[in-house]
Structures are given as C-alpha cells and as structure tokens.
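Chemist: Take a look at run10.pdb, PDB, N, CA and C atoms:
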MODEL        1
ATOM      1  N   MET Q   1     -89.880  81.206 -17.405
ATOM      2  CA  MET Q   1     -89.018  81.549 -18.513
ATOM      3  C   MET Q   1     -89.353  80.611 -19.668
ATOM      4  N   VAL Q   2     -89.394  81.172 -20.851
ATOM      5  CA  VAL Q   2     -89.713  80.401 -22.045
ATOM      6  C   VAL Q   2     -88.607  80.609 -23.071
ATOM      7  N   ASN Q   3     -88.185  79.541 -23.688
ATOM      8  CA  ASN Q   3     -87.206  79.610 -24.762
ATOM      9  C   ASN Q   3     -87.813  78.899 -25.963
ATOM     10  N   LEU Q   4     -88.114  79.647 -27.000
ATOM     11  CA  LEU Q   4     -88.658  79.062 -28.224
ATOM     12  C   LEU Q   4     -87.514  78.858 -29.219
ATOM     13  N   LEU Q   5     -87.388  77.660 -29.721
ATOM     14  CA  LEU Q   5     -86.348  77.354 -30.693
ATOM     15  C   LEU Q   5     -86.980  76.881 -31.988
ATOM     16  N   ALA Q   6     -86.421  77.310 -33.083
ATOM     17  CA  ALA Q   6     -86.879  76.852 -34.392
ATOM     18  C   ALA Q   6     -85.653  76.741 -35.290
ATOM     19  N   TYR Q   7     -85.597  75.685 -36.046
ATOM     20  CA  TYR Q   7     -84.494  75.463 -36.980
ATOM     21  C   TYR Q   7     -85.059  75.197 -38.365
ATOM     22  N   TRP Q   8     -84.433  75.773 -39.377
ATOM     23  CA  TRP Q   8     -84.846  75.554 -40.755
ATOM     24  C   TRP Q   8     -83.652  75.810 -41.659
ATOM     25  N   ALA Q   9     -83.677  75.218 -42.818
ATOM     26  CA  ALA Q   9     -82.546  75.325 -43.737
ATOM     27  C   ALA Q   9     -82.776  76.346 -44.845
ATOM     28  N   ASP Q  10     -83.994  76.604 -45.189
ATOM     29  CA  ASP Q  10     -84.318  77.475 -46.312
ATOM     30  C   ASP Q  10     -84.469  78.920 -45.834
ATOM     31  N   GLU Q  11     -83.583  79.796 -46.287
ATOM     32  CA  GLU Q  11     -83.596  81.201 -45.865
ATOM     33  C   GLU Q  11     -84.889  81.925 -46.234
ATOM     34  N   SER Q  12     -85.613  81.407 -47.199
ATOM     35  CA  SER Q  12     -86.860  82.063 -47.589
ATOM     36  C   SER Q  12     -87.912  81.988 -46.476
ATOM     37  N   PHE Q  13     -87.690  81.130 -45.481
ATOM     38  CA  PHE Q  13     -88.614  81.010 -44.351
ATOM     39  C   PHE Q  13     -88.272  81.970 -43.210
ATOM     40  N   ASP Q  14     -87.137  82.662 -43.281
ATOM     41  CA  ASP Q  14     -86.670  83.505 -42.176
ATOM     42  C   ASP Q  14     -87.740  84.466 -41.662
ATOM     43  N   GLU Q  15     -88.299  85.260 -42.542
ATOM     44  CA  GLU Q  15     -89.254  86.287 -42.129
ATOM     45  C   GLU Q  15     -90.508  85.666 -41.500
ATOM     46  N   GLY Q  16     -91.046  84.649 -42.129
ATOM     47  CA  GLY Q  16     -92.261  84.017 -41.625
ATOM     48  C   GLY Q  16     -92.070  83.375 -40.264
ATOM     49  N   ILE Q  17     -90.971  82.657 -40.088
ATOM     50  CA  ILE Q  17     -90.729  81.987 -38.812
ATOM     51  C   ILE Q  17     -90.434  83.011 -37.726
ATOM     52  N   THR Q  18     -89.675  84.040 -38.063
ATOM     53  CA  THR Q  18     -89.408  85.100 -37.089
ATOM     54  C   THR Q  18     -90.709  85.758 -36.646
ATOM     55  N   THR Q  19     -91.605  86.014 -37.581
ATOM     56  CA  THR Q  19     -92.902  86.603 -37.243
ATOM     57  C   THR Q  19     -93.696  85.687 -36.319
ATOM     58  N   ILE Q  20     -93.702  84.392 -36.597
ATOM     59  CA  ILE Q  20     -94.410  83.439 -35.746
ATOM     60  C   ILE Q  20     -93.834  83.455 -34.330
ATOM     61  N   LEU Q  21     -92.519  83.454 -34.213
ATOM     62  CA  LEU Q  21     -91.883  83.482 -32.891
ATOM     63  C   LEU Q  21     -92.222  84.776 -32.152
ATOM     64  N   GLU Q  22     -92.120  85.902 -32.840
ATOM     65  CA  GLU Q  22     -92.421  87.192 -32.209
ATOM     66  C   GLU Q  22     -93.888  87.268 -31.790
ATOM     67  N   ASP Q  23     -94.793  86.782 -32.634
ATOM     68  CA  ASP Q  23     -96.219  86.788 -32.300
ATOM     69  C   ASP Q  23     -96.513  85.889 -31.100
ATOM     70  N   THR Q  24     -95.845  84.745 -31.036
ATOM     71  CA  THR Q  24     -96.036  83.825 -29.913
ATOM     72  C   THR Q  24     -95.545  84.460 -28.620
ATOM     73  N   ILE Q  25     -94.400  85.104 -28.677
ATOM     74  CA  ILE Q  25     -93.869  85.780 -27.488
ATOM     75  C   ILE Q  25     -94.802  86.913 -27.063
ATOM     76  N   ALA Q  26     -95.286  87.700 -28.019
ATOM     77  CA  ALA Q  26     -96.211  88.794 -27.709
ATOM     78  C   ALA Q  26     -97.478  88.254 -27.046
ATOM     79  N   TRP Q  27     -98.000  87.135 -27.560
ATOM     80  CA  TRP Q  27     -99.176  86.506 -26.958
ATOM     81  C   TRP Q  27     -98.883  86.085 -25.523
ATOM     82  N   GLY Q  28     -97.723  85.473 -25.307
ATOM     83  CA  GLY Q  28     -97.358  85.031 -23.960
ATOM     84  C   GLY Q  28     -97.224  86.194 -22.996
ATOM     85  N   ILE Q  29     -96.615  87.272 -23.447
ATOM     86  CA  ILE Q  29     -96.466  88.461 -22.605
ATOM     87  C   ILE Q  29     -97.831  89.041 -22.266
ATOM     88  N   GLN Q  30     -98.676  89.177 -23.272
ATOM     89  CA  GLN Q  30    -100.016  89.736 -23.063
ATOM     90  C   GLN Q  30    -100.834  88.862 -22.111
ATOM     91  N   THR Q  31    -100.764  87.562 -22.294
ATOM     92  CA  THR Q  31    -101.510  86.634 -21.438
ATOM     93  C   THR Q  31    -101.000  86.697 -19.999
ATOM     94  N   ALA Q  32     -99.691  86.655 -19.820
ATOM     95  CA  ALA Q  32     -99.121  86.722 -18.471
ATOM     96  C   ALA Q  32     -99.464  88.054 -17.798
ATOM     97  N   GLU Q  33     -99.370  89.131 -18.569
ATOM     98  CA  GLU Q  33     -99.695  90.448 -18.019
ATOM     99  C   GLU Q  33    -101.166  90.528 -17.599
ATOM    100  N   SER Q  34    -102.062  90.008 -18.422
ATOM    101  CA  SER Q  34    -103.496  90.064 -18.106
ATOM    102  C   SER Q  34    -103.833  89.235 -16.866
ATOM    103  N   ARG Q  35    -103.013  88.266 -16.555
ATOM    104  CA  ARG Q  35    -103.245  87.424 -15.375
ATOM    105  C   ARG Q  35    -102.442  87.884 -14.163
ATOM    106  N   GLY Q  36    -101.699  88.987 -14.339
ATOM    107  CA  GLY Q  36    -100.883  89.501 -13.246
ATOM    108  C   GLY Q  36     -99.668  88.644 -12.949
ATOM    109  N   LEU Q  37     -99.190  87.915 -13.939
ATOM    110  CA  LEU Q  37     -98.082  86.985 -13.753
ATOM    111  C   LEU Q  37     -96.805  87.387 -14.483
ATOM    112  N   LEU Q  38     -96.817  88.523 -15.149
ATOM    113  CA  LEU Q  38     -95.673  88.891 -15.981
ATOM    114  C   LEU Q  38     -94.475  89.301 -15.147
ATOM    115  N   GLU Q  39     -93.361  88.692 -15.408
ATOM    116  CA  GLU Q  39     -92.058  89.114 -14.883
ATOM    117  C   GLU Q  39     -91.299  89.620 -16.101
ATOM    118  N   PRO Q  40     -91.119  90.919 -16.236
ATOM    119  CA  PRO Q  40     -90.612  91.482 -17.491
ATOM    120  C   PRO Q  40     -89.124  91.259 -17.767
ATOM    121  N   TRP Q  41     -88.422  90.570 -16.890
ATOM    122  CA  TRP Q  41     -87.003  90.323 -17.090
ATOM    123  C   TRP Q  41     -86.792  89.426 -18.311
ATOM    124  N   LEU Q  42     -85.793  89.764 -19.125
ATOM    125  CA  LEU Q  42     -85.445  88.962 -20.305
ATOM    126  C   LEU Q  42     -84.063  88.359 -20.110
ATOM    127  N   TYR Q  43     -83.965  87.070 -20.328
ATOM    128  CA  TYR Q  43     -82.663  86.395 -20.261
ATOM    129  C   TYR Q  43     -81.894  86.746 -21.532
ATOM    130  N   LEU Q  44     -80.743  87.314 -21.360
ATOM    131  CA  LEU Q  44     -79.945  87.833 -22.471
ATOM    132  C   LEU Q  44     -79.730  86.813 -23.588
ATOM    133  N   ASN Q  45     -79.411  85.586 -23.234
ATOM    134  CA  ASN Q  45     -79.098  84.578 -24.252
ATOM    135  C   ASN Q  45     -80.319  84.090 -25.023
ATOM    136  N   TYR Q  46     -81.525  84.327 -24.500
ATOM    137  CA  TYR Q  46     -82.734  83.872 -25.173
ATOM    138  C   TYR Q  46     -83.486  84.997 -25.874
ATOM    139  N   ALA Q  47     -83.035  86.231 -25.730
ATOM    140  CA  ALA Q  47     -83.746  87.374 -26.315
ATOM    141  C   ALA Q  47     -83.598  87.388 -27.841
ATOM    142  N   LEU Q  48     -84.668  87.800 -28.495
ATOM    143  CA  LEU Q  48     -84.635  87.980 -29.949
ATOM    144  C   LEU Q  48     -83.943  89.293 -30.286
ATOM    145  N   PRO Q  49     -83.402  89.421 -31.488
ATOM    146  CA  PRO Q  49     -82.748  90.675 -31.878
ATOM    147  C   PRO Q  49     -83.660  91.895 -31.773
ATOM    148  N   THR Q  50     -84.968  91.688 -31.832
ATOM    149  CA  THR Q  50     -85.916  92.799 -31.754
ATOM    150  C   THR Q  50     -86.234  93.200 -30.314
ATOM    151  N   GLN Q  51     -85.732  92.445 -29.350
ATOM    152  CA  GLN Q  51     -85.990  92.746 -27.944
ATOM    153  C   GLN Q  51     -84.814  93.513 -27.343
ATOM    154  N   SER Q  52     -85.051  94.154 -26.207
ATOM    155  CA  SER Q  52     -84.012  94.931 -25.514
ATOM    156  C   SER Q  52     -83.831  94.366 -24.108
ATOM    157  N   PRO Q  53     -83.043  93.311 -23.967
ATOM    158  CA  PRO Q  53     -82.935  92.657 -22.667
ATOM    159  C   PRO Q  53     -82.374  93.557 -21.564
ATOM    160  N   TYR Q  54     -81.452  94.450 -21.907
ATOM    161  CA  TYR Q  54     -80.891  95.314 -20.865
ATOM    162  C   TYR Q  54     -81.955  96.209 -20.243
ATOM    163  N   ASP Q  55     -82.976  96.583 -20.999
ATOM    164  CA  ASP Q  55     -84.047  97.414 -20.453
ATOM    165  C   ASP Q  55     -84.749  96.726 -19.289
ATOM    166  N   SER Q  56     -84.766  95.402 -19.305
ATOM    167  CA  SER Q  56     -85.468  94.668 -18.252
ATOM    168  C   SER Q  56     -84.633  94.524 -16.981
ATOM    169  N   TYR Q  57     -83.386  94.973 -16.995
ATOM    170  CA  TYR Q  57     -82.518  94.848 -15.817
ATOM    171  C   TYR Q  57     -82.739  95.965 -14.806
ATOM    172  N   GLY Q  58     -83.410  97.045 -15.243
ATOM    173  CA  GLY Q  58     -83.604  98.202 -14.375
ATOM    174  C   GLY Q  58     -82.506  99.228 -14.585
ATOM    175  N   ALA Q  59     -82.865 100.486 -14.490
ATOM    176  CA  ALA Q  59     -81.935 101.586 -14.776
ATOM    177  C   ALA Q  59     -80.698 101.560 -13.885
ATOM    178  N   GLN Q  60     -80.871 101.279 -12.593
ATOM    179  CA  GLN Q  60     -79.720 101.260 -11.674
ATOM    180  C   GLN Q  60     -78.744 100.137 -12.024
ATOM    181  N   ASN Q  61     -79.259  98.978 -12.367
ATOM    182  CA  ASN Q  61     -78.386  97.859 -12.720
ATOM    183  C   ASN Q  61     -77.646  98.118 -14.026
ATOM    184  N   VAL Q  62     -78.318  98.714 -14.991
ATOM    185  CA  VAL Q  62     -77.652  99.046 -16.263
ATOM    186  C   VAL Q  62     -76.560 100.076 -16.011
ATOM    187  N   LYS Q  63     -76.823 101.025 -15.146
ATOM    188  CA  LYS Q  63     -75.810 102.037 -14.793
ATOM    189  C   LYS Q  63     -74.575 101.365 -14.183
ATOM    190  N   LYS Q  64     -74.802 100.403 -13.297
ATOM    191  CA  LYS Q  64     -73.687  99.668 -12.680
ATOM    192  C   LYS Q  64     -72.909  98.868 -13.728
ATOM    193  N   LEU Q  65     -73.637  98.189 -14.620
ATOM    194  CA  LEU Q  65     -72.976  97.410 -15.668
ATOM    195  C   LEU Q  65     -72.119  98.300 -16.565
ATOM    196  N   LYS Q  66     -72.642  99.466 -16.909
ATOM    197  CA  LYS Q  66     -71.887 100.395 -17.753
ATOM    198  C   LYS Q  66     -70.641 100.908 -17.032
ATOM    199  N   ALA Q  67     -70.750 101.136 -15.731
ATOM    200  CA  ALA Q  67     -69.588 101.579 -14.950
ATOM    201  C   ALA Q  67     -68.514 100.488 -14.913
ATOM    202  N   ILE Q  68     -68.932  99.242 -14.761
ATOM    203  CA  ILE Q  68     -67.988  98.118 -14.764
ATOM    204  C   ILE Q  68     -67.318  98.007 -16.127
ATOM    205  N   LYS Q  69     -68.101  98.124 -17.182
ATOM    206  CA  LYS Q  69     -67.545  98.056 -18.533
ATOM    207  C   LYS Q  69     -66.534  99.175 -18.748
ATOM    208  N   LYS Q  70     -66.879 100.369 -18.329
ATOM    209  CA  LYS Q  70     -65.975 101.514 -18.501
ATOM    210  C   LYS Q  70     -64.672 101.305 -17.733
ATOM    211  N   LYS Q  71     -64.761 100.704 -16.547
ATOM    212  CA  LYS Q  71     -63.578 100.468 -15.725
ATOM    213  C   LYS Q  71     -62.658  99.408 -16.333
ATOM    214  N   TYR Q  72     -63.224  98.296 -16.781
ATOM    215  CA  TYR Q  72     -62.421  97.169 -17.231
ATOM    216  C   TYR Q  72     -62.212  97.091 -18.739
ATOM    217  N   ASP Q  73     -62.979  97.832 -19.503
ATOM    218  CA  ASP Q  73     -62.834  97.830 -20.965
ATOM    219  C   ASP Q  73     -63.082  99.245 -21.508
ATOM    220  N   PRO Q  74     -62.270 100.210 -21.069
ATOM    221  CA  PRO Q  74     -62.516 101.600 -21.451
ATOM    222  C   PRO Q  74     -62.398 101.857 -22.954
ATOM    223  N   SER Q  75     -61.618 101.079 -23.651
ATOM    224  CA  SER Q  75     -61.453 101.290 -25.095
ATOM    225  C   SER Q  75     -62.353 100.365 -25.921
ATOM    226  N   ASN Q  76     -63.258  99.648 -25.259
ATOM    227  CA  ASN Q  76     -64.251  98.790 -25.909
ATOM    228  C   ASN Q  76     -63.630  97.688 -26.770
ATOM    229  N   LYS Q  77     -62.527  97.142 -26.325
ATOM    230  CA  LYS Q  77     -61.894  96.043 -27.073
ATOM    231  C   LYS Q  77     -62.807  94.826 -27.146
ATOM    232  N   PHE Q  78     -63.434  94.484 -26.017
ATOM    233  CA  PHE Q  78     -64.314  93.325 -26.008
ATOM    234  C   PHE Q  78     -65.466  93.531 -26.986
ATOM    235  N   GLY Q  79     -66.029  94.715 -26.989
ATOM    236  CA  GLY Q  79     -67.127  95.027 -27.895
ATOM    237  C   GLY Q  79     -66.720  94.941 -29.359
ATOM    238  N   GLN Q  80     -65.481  95.298 -29.657
ATOM    239  CA  GLN Q  80     -64.998  95.237 -31.037
ATOM    240  C   GLN Q  80     -64.773  93.805 -31.493
ATOM    241  N   PHE Q  81     -64.345  92.940 -30.594
ATOM    242  CA  PHE Q  81     -64.064  91.549 -30.960
ATOM    243  C   PHE Q  81     -65.301  90.657 -30.880
ATOM    244  N   TRP Q  82     -66.315  91.090 -30.165
ATOM    245  CA  TRP Q  82     -67.552  90.338 -30.000
ATOM    246  C   TRP Q  82     -68.488  90.757 -31.118
ATOM    247  N   SER Q  83     -68.627  89.901 -32.114
ATOM    248  CA  SER Q  83     -69.343  90.288 -33.331
ATOM    249  C   SER Q  83     -70.858  90.248 -33.204
ATOM    250  N   GLY Q  84     -71.398  89.462 -32.320
ATOM    251  CA  GLY Q  84     -72.845  89.330 -32.245
ATOM    252  C   GLY Q  84     -73.386  89.718 -30.888
ATOM    253  N   GLY Q  85     -74.625  89.389 -30.690
ATOM    254  CA  GLY Q  85     -75.230  89.603 -29.393
ATOM    255  C   GLY Q  85     -75.626  91.046 -29.109
ATOM    256  N   PHE Q  86     -75.949  91.296 -27.862
ATOM    257  CA  PHE Q  86     -76.388  92.619 -27.427
ATOM    258  C   PHE Q  86     -75.210  93.357 -26.817
ATOM    259  N   LYS Q  87     -74.989  94.556 -27.274
ATOM    260  CA  LYS Q  87     -73.881  95.355 -26.779
ATOM    261  C   LYS Q  87     -74.361  96.277 -25.655
ATOM    262  N   LEU Q  88     -73.490  96.528 -24.717
ATOM    263  CA  LEU Q  88     -73.769  97.441 -23.617
ATOM    264  C   LEU Q  88     -72.968  98.705 -23.881
ATOM    265  N   TYR Q  89     -73.652  99.749 -24.320
ATOM    266  CA  TYR Q  89     -72.963 101.000 -24.665
ATOM    267  C   TYR Q  89     -73.035 101.991 -23.547
TER     268      TYR Q  89
ENDMDL
END
Hey, can you dump this file as structure tokens for me?

Modeler:
Amino acid sequence: MVNLLAYWADESFDEGITTILEDTIAWGIQTAESRGLLEPWLYLNYALPTQSPYDSYGAQNVKKLKAIKKKYDPSNKFGQFWSGGFKLY
C-alpha cells in the first residue's frame, strides 16, 4: 500500500501537483501489474477523487454494503450530512 502526501499553500499549484500524484500512481500501478504484483484494492481514505475505491471491493461486497446502507440509513441522512469523501449510492 502506498500513500502519497503533498502539501502546498498556493492554489495555483493544485493542477500540477495533482497531475504529478496521478502520474506517479499510474506508474506504480503499471509497474506492479507488469511484474505480476498488483493488488487492485484501494484503501478508501487514501484514494484520490479521480479513483473509484468501491470498484476495487468486488461486486458482491459492494452489493452487501449497499444492502447494509439501505437497512440502516434508508433516507440517506448520513450521506446528506457527510459533505466529502466517496458516497455509496
């Protein structure tokens, strides 16, 4: 598992730094895949906004998560109050 962190104060760097992070991750994925070492699971808290971490959980697991959400939060209150992150629809 890899977690790349970058901090900067000037918003004008946002696009460039995001591109560098995405390119580095793409390189790591490609390298791991070419060596037969890729584990495609994404840790939700470390995923970039451009990634889809739930896709890496497998269709059956996502189905179970959605069923749990429907049972315990049928009106999506948690989703409405949770302003960021990845939503499970």

Chemist: Within 10 Å of (-83.3, 87.2, -23.7) (file coordinates; only C-alpha atoms), which protein or nucleic acid residues are there? I'd like them as a PDB file with N, CA and C atoms, in the coordinates of the input.

Modeler:
ATOM      1  N   MET Q   1     -89.880  81.206 -17.405  1.00  0.00           N
ATOM      2  CA  MET Q   1     -89.018  81.549 -18.513  1.00  0.00           C
ATOM      3  C   MET Q   1     -89.353  80.611 -19.668  1.00  0.00           C
ATOM      4  N   VAL Q   2     -89.394  81.172 -20.851  1.00  0.00           N
ATOM      5  CA  VAL Q   2     -89.713  80.401 -22.045  1.00  0.00           C
ATOM      6  C   VAL Q   2     -88.607  80.609 -23.071  1.00  0.00           C
ATOM      7  N   ASN Q   3     -88.185  79.541 -23.688  1.00  0.00           N
ATOM      8  CA  ASN Q   3     -87.206  79.610 -24.762  1.00  0.00           C
ATOM      9  C   ASN Q   3     -87.813  78.899 -25.963  1.00  0.00           C
ATOM     10  N   TRP Q  41     -88.422  90.570 -16.890  1.00  0.00           N
ATOM     11  CA  TRP Q  41     -87.003  90.323 -17.090  1.00  0.00           C
ATOM     12  C   TRP Q  41     -86.792  89.426 -18.311  1.00  0.00           C
ATOM     13  N   LEU Q  42     -85.793  89.764 -19.125  1.00  0.00           N
ATOM     14  CA  LEU Q  42     -85.445  88.962 -20.305  1.00  0.00           C
ATOM     15  C   LEU Q  42     -84.063  88.359 -20.110  1.00  0.00           C
ATOM     16  N   TYR Q  43     -83.965  87.070 -20.328  1.00  0.00           N
ATOM     17  CA  TYR Q  43     -82.663  86.395 -20.261  1.00  0.00           C
ATOM     18  C   TYR Q  43     -81.894  86.746 -21.532  1.00  0.00           C
ATOM     19  N   LEU Q  44     -80.743  87.314 -21.360  1.00  0.00           N
ATOM     20  CA  LEU Q  44     -79.945  87.833 -22.471  1.00  0.00           C
ATOM     21  C   LEU Q  44     -79.730  86.813 -23.588  1.00  0.00           C
ATOM     22  N   ASN Q  45     -79.411  85.586 -23.234  1.00  0.00           N
ATOM     23  CA  ASN Q  45     -79.098  84.578 -24.252  1.00  0.00           C
ATOM     24  C   ASN Q  45     -80.319  84.090 -25.023  1.00  0.00           C
ATOM     25  N   TYR Q  46     -81.525  84.327 -24.500  1.00  0.00           N
ATOM     26  CA  TYR Q  46     -82.734  83.872 -25.173  1.00  0.00           C
ATOM     27  C   TYR Q  46     -83.486  84.997 -25.874  1.00  0.00           C
ATOM     28  N   ALA Q  47     -83.035  86.231 -25.730  1.00  0.00           N
ATOM     29  CA  ALA Q  47     -83.746  87.374 -26.315  1.00  0.00           C
ATOM     30  C   ALA Q  47     -83.598  87.388 -27.841  1.00  0.00           C
ATOM     31  N   LEU Q  48     -84.668  87.800 -28.495  1.00  0.00           N
ATOM     32  CA  LEU Q  48     -84.635  87.980 -29.949  1.00  0.00           C
ATOM     33  C   LEU Q  48     -83.943  89.293 -30.286  1.00  0.00           C
ATOM     34  N   PRO Q  49     -83.402  89.421 -31.488  1.00  0.00           N
ATOM     35  CA  PRO Q  49     -82.748  90.675 -31.878  1.00  0.00           C
ATOM     36  C   PRO Q  49     -83.660  91.895 -31.773  1.00  0.00           C
ATOM     37  N   GLN Q  51     -85.732  92.445 -29.350  1.00  0.00           N
ATOM     38  CA  GLN Q  51     -85.990  92.746 -27.944  1.00  0.00           C
ATOM     39  C   GLN Q  51     -84.814  93.513 -27.343  1.00  0.00           C
ATOM     40  N   SER Q  52     -85.051  94.154 -26.207  1.00  0.00           N
ATOM     41  CA  SER Q  52     -84.012  94.931 -25.514  1.00  0.00           C
ATOM     42  C   SER Q  52     -83.831  94.366 -24.108  1.00  0.00           C
ATOM     43  N   PRO Q  53     -83.043  93.311 -23.967  1.00  0.00           N
ATOM     44  CA  PRO Q  53     -82.935  92.657 -22.667  1.00  0.00           C
ATOM     45  C   PRO Q  53     -82.374  93.557 -21.564  1.00  0.00           C
ATOM     46  N   TYR Q  54     -81.452  94.450 -21.907  1.00  0.00           N
ATOM     47  CA  TYR Q  54     -80.891  95.314 -20.865  1.00  0.00           C
ATOM     48  C   TYR Q  54     -81.955  96.209 -20.243  1.00  0.00           C
ATOM     49  N   SER Q  56     -84.766  95.402 -19.305  1.00  0.00           N
ATOM     50  CA  SER Q  56     -85.468  94.668 -18.252  1.00  0.00           C
ATOM     51  C   SER Q  56     -84.633  94.524 -16.981  1.00  0.00           C
ATOM     52  N   PHE Q  86     -75.949  91.296 -27.862  1.00  0.00           N
ATOM     53  CA  PHE Q  86     -76.388  92.619 -27.427  1.00  0.00           C
ATOM     54  C   PHE Q  86     -75.210  93.357 -26.817  1.00  0.00           C
TER      55      PHE Q  86
END

Chemist: Hey, can you check how far atom C of Leu88 of chain Q sits from atom C of Thr50 of chain Q?

Modeler: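 Here the two named atoms are 15.7 Å from each other.
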
Chemist: Among the residues of chain Q, find those DSSP assigns to helix (DSSP H, G or I) from the backbone and print them as an MDAnalysis selection string.

Modeler: chainID Q and resid 11:34 44:46 53:57 59:72 77:81

Chemist: How many Å separate atom CA of Ile20 of chain Q from atom CA of Trp82 of chain Q?

Modeler: 28.3 Å

Chemist: Report the distance between atom CA of Gly84 of chain Q and atom CA of Gln60 of chain Q in Å, rounded to one decimal place.

Modeler: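 According to the coordinates, atom CA of Gly84 of chain Q and atom CA of Gln60 of chain Q are separated by 24.8 Å.
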
Chemist: Assuming 3 Å of padding per side, give the centre and edge lengths of the axis-aligned box around every listed atom of segment 27-37 of chain Q, in Å to one decimal and as lines of an AutoDock Vina configuration file.

Modeler:
center_x = -100.1
center_y = 87.8
center_z = -20.3
size_x = 13.4
size_y = 11.5
size_z = 20.6
